[in-house]
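These notes concern the structure reproduced below.
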Amino acid sequence: MKKIPNNRAWFLVLPVFVTVAFSAIIPLMTVVNYSVQDIFGPYNRVFVGTEFFEMVLQDRDLHEALQRQLLFSFWVLLIEVPLGIAIALALPVRGWLASLCLVLIALPLLIPWNVVGTIWQIFARPDIGLAGVAVNRLGIHYNYTAEPFDAWLTVLVMDVWHWTPLVALLCYAGLRAIPDAFYQAARIDGASAWAVFRYIQLPKLRGVLMIAVLLRFMDSFMIYTEPFVLTGGGPGNSTTFLSQFLTTLAVGRFDLGPAAAFSIIYFLIILLFCWIFYTVIENLGRAPR
Amino acid sequence: MKLVLDHIGVRVGRSMHLDDISLTLEPGSFNLLLGPTLAGKTSLLRLMAGLDHPTSGKIRIDGRDVTSLGVRGRSVAMVYQQFVNYPSFTVYENIASPLRLGRRLSAAEIDRKVLAVAEMMHIDKLLDRLPGELSGGQQQRTAIARALVKEADLLLLDEPLVNLDYKLREEMRAEMREIFARHTTTVVYATTEPQEALLLGGQAAVLDAGRLIQFGATLDVYHRPASVRVGEIFSDPPMNLLAVAIERRGSGVVRLSPDLSFPLPSHMRALPPGPCRLGVRASHVALAPSSPADIAIPATVELAEISGSETFIHGRHNDLAIVAHTAGVHSYRIGETVALHLDPQRLFAFDADGRLIAAPERQPGTVSGAA
């Protein structure tokens with residue numbers, strides 16, 4: 001049979017093409033535009049090549065913000081993922097208690113970001129906040145408005161409080177999808193609780209853990225609102241993460257060129273890390289013996 | 001291993017999941033648990049494994065009371081209807097896993113056992129794969145291999161073939177029979193399918209609503225179902241049941257309906273006159289007479305189902321519903337009148353309480369109409 005080329009088929013692809021163009025490519029291109037040209041006005045622009053990129057990459061403040069950011073995301077993943085799994089394992093399996101626990105656990109997820117910031121700003125205050133006062137009463141000197149380390153720790157604890165429930169809920173759903181027969185089989189084999197976790201639950205959770213890790217990495221790497229409300233990036237620069245650095249650059253100083261260059265770098269870093277996580281977790285499942 | 005269940009009961013809340021079950025499984029025997037879903041097959045298997053414990057009664061293994069002994073203290077292996085394998089282990093590691101736990105075996109010993117079982121289950125070419133990379137049939141072969149390699153005293157299989165497609169199921173059924181014949185393990189195999197039960201043979205325990213309603217050699221149970229319920233369970237489609245009256249006229253008459261009666265067949269001679277129920281399997285209802293003694297029942301077609309290369313005709317004669325099973329694909333119009341032929345020698349008779357009171361003579365050497 002002769003194959004009949006049908007060019008009208010392209011019309012079917014067109015809507016997707018247009019949507020993607022408007023939603024992703026065109027906005028991204030404006031940023032690219034600003035990153036390689038110095039724009040003074042609509043008809044007054046100079047092509048500067050990679051100058052802005054070089055400028056941004058040599059910025060010491062940015063290096064520090066990036067280090068802070070990587071450290072923050074590292075701790076977020078290191079705490080929230082195991083803690084989320086542990087909570088999911090500890091939750092009741094069925095009955096009204098399970099429903100109640102799920103609702104209670106999901107509560108922090110329903111609170112808007114800036115409200116979370118405000119809650120913790122008050123909660124952790126060393127003079128009137130419940131947590132702040134309690135910690136100080138224990139004899140531990142704690143003041144997040146003055147001590148860089150305390151501020152940093154408060155942001156981390158706040159994020160753990162806010163987002164561990166997401167990991168827990170994802171893992172809980174993943175655990176419920178494992179048929180009972182697997183646990184029975186393990187009991188018959190005489191497998192220990194650790195072996196059940198290591199060889200049945202963890203491999204079966206691989207899919208949801210991948211989603212949890214990616215979501216938590218991306219969100220924590222882009223964190224803005226909560227530290228902005230809590231500390232405004234201070235004291236000093238101790239809680240200035242990449243998003244806030246970018247905002248200061250683009251909105252505060254109105255350096256659109258370097259800000260655009262940095263936006264692209266920021267985007268590429270997130271893309272790179274997501275790709276690494278994805279590849280690593282995918283390959284964990286098919287390790288040869 | 002000789003397993004004795006002595007008046008076992010399991011009560012959960014106010015409902016009885018298993019009710020007063022007594023059963024003796026001889027060492028090395030092959031036993032079927034046959035029953036519809038929710039009959040208690042899985043509950044009973046779990047008790048045998050030691051995963052659950054009965055609320056009343058005793059379980060004895062070789063004379064020793066093991067009622068409260070947990071699964072770790074018993075030597076059991078189990079295969080489930082889901083394909084249960086360790087997802088991150090290769091097929092080889094999966095099969096080897098029961099050997100690595102507990103007992104200390106040399107690597108060479110493990111290797112030898114794994115390869116032997118894998119070869120028997122025809123998965124020796126797949127040893128490096130992960131379960132996720134196998135077809136359903138291959139996954140279940142791996143699970144069965146895992147159970148066999150353990151060489152446990154008691155092997156429990158809970159509808160192992162139910163999630164496989166038709167072709168694979170047929171193929172594995174035939175293999176299963178050979179595999180079990182080669183082993184000296186006491187095997188308990190739960191199934192809902194009469195056909196599977198007949199093919200596998202051995203002893204059959206028929207369960208219904210948590211009760212054991214018959215236990216005996218599979219073929220004996222098939223040929224002499226103790227009650228109407230056994231006849232229904234051990235027959236697919238369920239055995240046709242016809243409410244009739246036996247009249248004592250001459251040498252006796254069976255009255256099917258006001259205008260239809262036939263002479264009492266020889267195996268039912270001893271029955272007292274009065275109402276009773278006759279049972280006949282769908283495969284013994286034919287559309288054409290096979291002998292002059294056949295009874296022709298005029299019936300209107302209510303439904304004709306074609307299944308594979310077979311046809312099931314649902315007919316009605318007055319208030320008697322009769323299903324006939326014939327080979328070949330036939331189409332019938334609904335409302336059409338056909339003549340359904342019964343061989344009177346193939347009729348079962350049950351009393352008012354549903355107990356068997358007369359069964360056909362066994363015809364030597366045939367298990368015709370297994371369906």
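Residues are named by chain letter and number: chains run A, B, ... in the order of the structure tokens, numbers start at 1 in each chain, and ligands are numbered from 1 in the order shown.
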Dump as a ChimeraX atom specification the residues of chain B that approach chain A to within 9 Å, counting only C-alpha atoms.
/B:49-51,71-72,74-90,93,97-98,101-102,128-130
Quick one: residues within 7 Å of region 208-225 of chain A, only C-alpha atoms counted, chain neighbours fewer than 3 positions away excluded, as a PyMOL selection string?
chain A and resi 69+73+77+113-114+167+170-171+174+205+228-229+243-244+270+274+278+281
Within 12 Å of region 246-260 of chain A using only C-alpha atoms, minus same-chain residues under 4 positions, as a VMD selection string
chain A and resid 27 to 40 45 to 59 61 to 62 65 to 66 222 to 225 228 232 to 233 237 240 to 242 264 to 267
So which residues touch Pro292 (chain B) within 12 Å, counting only C-alpha atoms, skipping near sequence neighbours fewer than 2 positions away, as a list in words?
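Returned residues: Ala288, Pro289, Ser290, Asp294, Ile295, Ala296, His341, Leu342, Asp343 and Pro344 of chain B.
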Secondary structure check, helix (DSSP H, G or I) residues of region 59-97 of chain A, as an NGL selection string
:A and (60-90 or 96-97)
List as a PyMOL selection string the protein and nucleic acid residues near region 199-215 of chain B, meaning an atom at most 8 Å away when only C-alpha atoms are counted, but skip any in the same chain fewer than 2 places from it.
chain B and resi 16-23+29-36+38-41+173-174+176-177+195-197+217-219+221+225-226+230+233
Spatial neighbours of Met158 (chain A), max dist 8 Å, only C-alpha atoms, sep filter under 3 positions, as number ranges by chain
A: 116-117, 120, 154-155, 161-162
Can you pull out every residue within 12 Å of Asp319 (chain B), counting only C-alpha atoms, but drop anything in the same chain fewer than 2 positions away, and send it as a PyMOL selection string?
chain B and resi 241-244+256-258+299-300+315-317+321-322
Quick one, how far is CA of Phe123 (chain A) from CA of Thr231 (chain A)?
13.1 Å
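Going from CA of Pro273 (chain B) to CA of Glu232 (chain B) covers 24.5 Å.
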Atom-to-atom span, CA of Thr145 (chain A) and CA of Leu230 (chain A), Å
8.9 Å
